[in-house]
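Engineer: As input, take start_0.txt (compact mmCIF, C-alpha atoms):
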```txt
# COMPACT_ATOMS: atom_id res chain seq x y z
CA MET A 1 -1.54 62.11 -20.59
CA GLU A 2 2.01 61.57 -19.31
CA GLN A 3 0.69 61.02 -15.78
CA GLN A 4 -1.63 58.21 -16.99
CA THR A 5 1.22 56.54 -18.86
CA THR A 6 3.47 56.73 -15.81
CA ARG A 7 0.73 55.36 -13.52
CA ARG A 8 0.01 52.53 -15.95
CA ALA A 9 3.71 51.69 -16.22
CA SER A 10 4.03 51.68 -12.41
CA PHE A 11 1.10 49.30 -12.00
CA LYS A 12 2.55 47.07 -14.68
CA LYS A 13 5.92 46.94 -12.89
CA ILE A 14 4.25 46.15 -9.55
CA GLY A 15 2.18 43.37 -11.19
CA MET A 16 5.24 41.89 -12.89
CA GLY A 17 7.14 41.99 -9.60
CA LEU A 18 4.35 40.20 -7.73
CA ALA A 19 4.06 37.59 -10.48
CA THR A 20 7.79 36.98 -10.28
CA ILE A 21 7.71 36.63 -6.49
CA PHE A 22 4.75 34.24 -6.53
CA GLY A 23 6.08 32.33 -9.54
CA ILE A 24 9.42 31.70 -7.85
CA GLY A 25 7.65 30.62 -4.64
CA SER A 26 5.52 28.11 -6.58
CA VAL A 27 8.51 26.66 -8.38
CA SER A 28 10.37 26.36 -5.09
CA ALA A 29 7.45 24.51 -3.44
CA MET A 30 7.10 22.10 -6.38
CA THR A 31 10.81 21.43 -6.32
CA ASP A 32 10.71 20.49 -2.61
CA LYS A 33 7.90 17.97 -3.25
CA GLU A 34 9.70 16.55 -6.25
CA LYS A 35 12.88 16.07 -4.20
CA ASN A 36 10.97 13.80 -1.78
CA ALA A 37 9.21 11.78 -4.51
CA LYS A 38 10.86 8.52 -5.44
CA LYS A 39 10.15 6.03 -8.21
CA GLU A 40 8.37 2.99 -6.79
CA VAL A 41 7.61 -0.10 -8.88
CA VAL A 42 4.10 -1.16 -7.84
CA GLY A 43 3.28 -3.69 -10.56
CA ASP A 44 4.86 -6.86 -11.81
CA ILE A 45 8.22 -6.54 -13.51
CA VAL A 46 8.16 -8.28 -16.87
CA THR A 47 11.42 -10.08 -17.60
CA ASP A 48 12.98 -11.38 -20.74
CA GLN A 49 15.62 -14.07 -20.21
CA ASP A 50 15.89 -13.18 -16.50
CA ILE A 51 16.61 -9.52 -17.35
CA PRO A 52 14.07 -6.88 -16.26
CA LEU A 53 12.27 -5.59 -19.36
CA PHE A 54 9.62 -3.21 -18.00
CA SER A 55 7.40 -2.59 -14.97
CA GLY A 56 3.65 -3.08 -15.07
CA ALA A 57 3.03 0.02 -12.94
CA VAL A 58 5.21 2.69 -11.37
CA LYS A 59 4.36 5.41 -8.84
CA HIS A 60 6.31 8.63 -8.60
CA GLY A 61 4.97 11.01 -5.99
CA ASN A 62 1.24 11.41 -6.59
CA THR A 63 1.37 10.05 -10.14
CA LEU A 64 0.77 6.48 -11.27
CA TYR A 65 1.95 5.16 -14.64
CA ILE A 66 0.36 1.92 -15.87
CA ALA A 67 1.92 -0.06 -18.72
CA GLY A 68 -0.14 -1.24 -21.66
CA LYS A 69 -2.91 -3.72 -20.93
CA GLY A 70 -4.21 -6.02 -23.66
CA ALA A 71 -6.82 -8.75 -24.01
CA HIS A 72 -5.15 -11.83 -25.46
CA VAL A 73 -8.21 -14.09 -25.36
CA ALA A 74 -11.14 -15.15 -27.51
CA PRO A 75 -13.57 -13.86 -28.59
CA PHE A 76 -11.53 -11.72 -30.95
CA GLU A 77 -14.02 -8.86 -31.12
CA ILE A 78 -13.16 -5.21 -30.40
CA LYS A 79 -15.94 -4.51 -27.89
CA ALA A 80 -15.09 -7.59 -25.80
CA HIS A 81 -11.38 -6.77 -25.87
CA THR A 82 -11.99 -3.11 -24.98
CA GLU A 83 -14.12 -4.17 -21.99
CA ILE A 84 -11.41 -6.55 -20.73
CA VAL A 85 -8.68 -3.91 -21.12
CA LEU A 86 -10.71 -1.25 -19.28
CA GLN A 87 -11.44 -3.70 -16.45
CA GLU A 88 -7.71 -4.50 -16.15
CA LEU A 89 -6.82 -0.80 -16.05
CA GLN A 90 -9.46 -0.20 -13.38
CA LYS A 91 -8.12 -3.06 -11.20
CA GLU A 92 -4.55 -1.73 -11.43
CA LEU A 93 -5.67 1.83 -10.66
CA GLU A 94 -7.68 0.79 -7.60
CA ARG A 95 -4.93 -1.54 -6.35
CA ASN A 96 -2.62 1.48 -6.28
CA GLY A 97 -4.90 4.09 -4.68
CA SER A 98 -6.36 5.69 -7.79
CA SER A 99 -9.52 5.31 -9.88
CA MET A 100 -10.89 5.71 -13.38
CA ASP A 101 -12.02 9.25 -12.43
CA LYS A 102 -8.41 10.22 -11.65
CA VAL A 103 -6.93 9.13 -14.98
CA LEU A 104 -5.20 12.06 -16.65
CA LYS A 105 -4.04 10.51 -19.95
CA VAL A 106 -4.82 7.36 -21.91
CA ASN A 107 -3.02 6.00 -24.96
CA VAL A 108 -5.08 3.61 -27.08
CA TYR A 109 -3.40 1.33 -29.60
CA LEU A 110 -5.65 -0.42 -32.11
CA ALA A 111 -4.60 -3.36 -34.28
CA ASP A 112 -7.04 -2.03 -36.90
CA LEU A 113 -8.28 1.56 -37.23
CA GLY A 114 -11.58 0.10 -38.45
CA ASP A 115 -12.25 -0.83 -34.79
CA TYR A 116 -12.20 2.83 -33.69
CA LYS A 117 -16.00 3.21 -33.51
CA GLY A 118 -16.55 -0.06 -31.60
CA MET A 119 -13.77 0.76 -29.14
CA ASN A 120 -15.29 4.20 -28.53
CA GLU A 121 -18.70 2.68 -27.77
CA VAL A 122 -17.23 0.78 -24.82
CA PHE A 123 -14.69 3.48 -23.82
CA ARG A 124 -17.25 6.33 -23.65
CA GLY A 125 -18.17 7.33 -20.09
CA ARG A 126 -15.78 4.91 -18.34
CA PHE A 127 -13.64 7.70 -16.89
CA GLY A 128 -16.38 9.83 -15.32
CA LYS A 129 -17.86 13.11 -16.47
CA ASN A 130 -14.42 14.68 -17.00
CA PRO A 131 -12.62 12.25 -19.31
CA PRO A 132 -8.83 12.18 -19.60
CA VAL A 133 -6.89 13.39 -22.60
CA ARG A 134 -6.42 10.58 -25.08
CA THR A 135 -4.29 9.59 -28.03
CA THR A 136 -5.50 6.81 -30.31
CA VAL A 137 -3.36 5.22 -33.00
CA ALA A 138 -3.57 2.20 -35.24
CA THR A 139 -0.33 0.28 -34.96
CA TYR A 140 1.61 -0.84 -38.00
CA GLY A 141 1.81 -4.62 -37.74
CA GLY A 142 -0.75 -4.88 -34.93
CA VAL A 143 -0.67 -4.90 -31.15
CA PRO A 144 1.71 -7.44 -29.52
CA GLY A 145 -0.01 -10.76 -28.80
CA LYS A 146 -3.53 -11.42 -30.00
CA SER A 147 -5.22 -8.35 -28.52
CA LEU A 148 -7.18 -6.06 -30.81
CA VAL A 149 -6.56 -3.12 -28.46
CA GLU A 150 -4.00 -2.11 -25.86
CA MET A 151 -4.20 0.84 -23.48
CA ASP A 152 -1.84 2.47 -21.02
CA CYS A 153 -2.53 5.41 -18.75
CA ILE A 154 -1.25 8.02 -16.33
CA ALA A 155 -3.33 8.79 -13.23
CA ALA A 156 -3.30 10.90 -10.09
CA VAL A 157 -3.03 9.13 -6.71
CA ASP A 158 -4.33 10.51 -3.40
```
Using the file provided, produce a representation of the structure as C-alpha cells.

Structural biologist:
Amino acid sequence: MEQQTTRRASFKKIGMGLATIFGIGSVSAMTDKEKNAKKEVVGDIVTDQDIPLFSGAVKHGNTLYIAGKGAHVAPFEIKAHTEIVLQELQKELERNGSSMDKVLKVNVYLADLGDYKGMNEVFRGRFGKNPPVRTTVATYGGVPGKSLVEMDCIAAVD
C-alpha cells in the first residue's frame, strides 16, 4: 500500500512540475506578444468642444473594440433599428479586418426592455453558428439620441 501511495505522489509531483514549466512558457509567450501590441485608433474620434471624447473603434494586437452604434432615424421601431445597428457593426468589423463570425462579445442597450423579443428576432443568427457572449440591459432614461437600441462589441482580427 505504501508503494502505491509513493508512486502516486511521484506522478503527481512530475505532473505538477510539467504544468508549471508549460504554464510559465505560455505566460512568457503571451507577454512577448502583448509587449509588441500597441493601441491603434481605427475609427473616427468623437470630439466635444474640440476635445477628444472617445474613439469609434480601437485595435490592440489581434483584438478590435467597436464603440456603441445606434440608429437615430425614423422609423422608430425596434426591428428596423436593430437591423441598422447590426449593419453598422458589420461595416466597421469588415473595414478593420474582422467579421460578424469573429465577434467575441456584444453589449446590447435597449431604451425599453419591452423591445427585447423584437431585438432578438433580428439579432438571432447574425453572428454565425457560434454566437458571441452577450449582455443585454435596458437603460434608465433611454439610449443617447433617438435610437431604440445601441450595441458595442469586441472582436478578433486576423

Engineer: From the set A:Asp101, A:Glu40, A:Asp158, A:Glu94, which residue has the shortest atom-to-atom contact distance to Lys129 in chain A, counting all atoms listed in the file?

Structural biologist: A:Asp101

Engineer: Separation of CA of Thr135 in chain A and CA of Tyr109 in chain A, in Å?

Structural biologist: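 So the answer is 8.5 Å.
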
Engineer: What lies within 9 Å of Gln90 in chain A using all atoms listed in the file, ignoring chain neighbours under 6 positions off, as an MDAnalysis selection string?

Structural biologist: chainID A and resid 98:100

Engineer: Keeping C-alpha atoms for every residue in the selection just given, could you write it to a file as a compact mmCIF listing (two decimals), keeping the file's coordinate frame?

Structural biologist:
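selection22.txt was written with the following content:
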```txt
# COMPACT_ATOMS: atom_id res chain seq x y z
CA SER A 98 -6.36 5.69 -7.79
CA SER A 99 -9.52 5.31 -9.88
CA MET A 100 -10.89 5.71 -13.38
```

Engineer: Please indicate the distance in Å from CA of His72 in chain A to CA of Pro132 in chain A, rounded to one decimal place.

Structural biologist: 25.0 Å

Engineer: Can you pull out every residue within 9 Å of Leu89 in chain A, counting only C-alpha atoms, but drop anything in the same chain fewer than 3 positions away, and send it as a list in words?

Structural biologist: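 So, after excluding close chain neighbours, the residues are Ile66, Gly68, Lys69, Ile84, Val85, Leu86, Glu92, Leu93, Glu94, Met100, Met151, Asp152 and Cys153 of chain A.
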
Engineer: Identify which of the residues A:Asn62, A:Thr139, A:Gln87, A:Gln49 lies closest to Asp115 in chain A, counting only C-alpha atoms when measuring atom-to-atom distances.

Structural biologist: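 Comparing A:Asn62, A:Thr139, A:Gln87, A:Gln49 against Asp115 in chain A, the winner is A:Thr139.
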
Engineer: Calculated over all atoms listed in the file, which of the candidates A:Asn96, A:Asn130, A:Ser147, A:Thr82 has the smallest distance to Gly118 in chain A?

Structural biologist: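 Using all atoms listed in the file, Gly118 in chain A sits closest to A:Thr82.
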
Engineer: Using all atoms of range 143-147 of chain A that appear in the file, construct an axis-aligned enclosing box with 4 Å of padding on every side and provide its centre coordinates and edge lengths in Å, rounded to one decimal, as AutoDock Vina command-line options.

Structural biologist:
```
--center_x -1.8 --center_y -8.2 --center_z -29.8 --size_x 14.9 --size_y 14.5 --size_z 10.6
```

Engineer: With distances taken over only C-alpha atoms, which residue among A:Ile51, A:Asp44, A:Tyr65, A:Ala138 lies nearest Tyr116 in chain A?

Structural biologist: A:Ala138

Engineer: CA of Gly145 in chain A and CA of Lys102 in chain A, how far apart in Å?

Structural biologist: 28.4 Å

Engineer: Taking into account only C-alpha atoms, which residue in the set A:Leu148, A:Gly61, A:Gly141, A:Phe127 is nearest to Glu77 in chain A?

Structural biologist: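 Closest candidate: A:Leu148.
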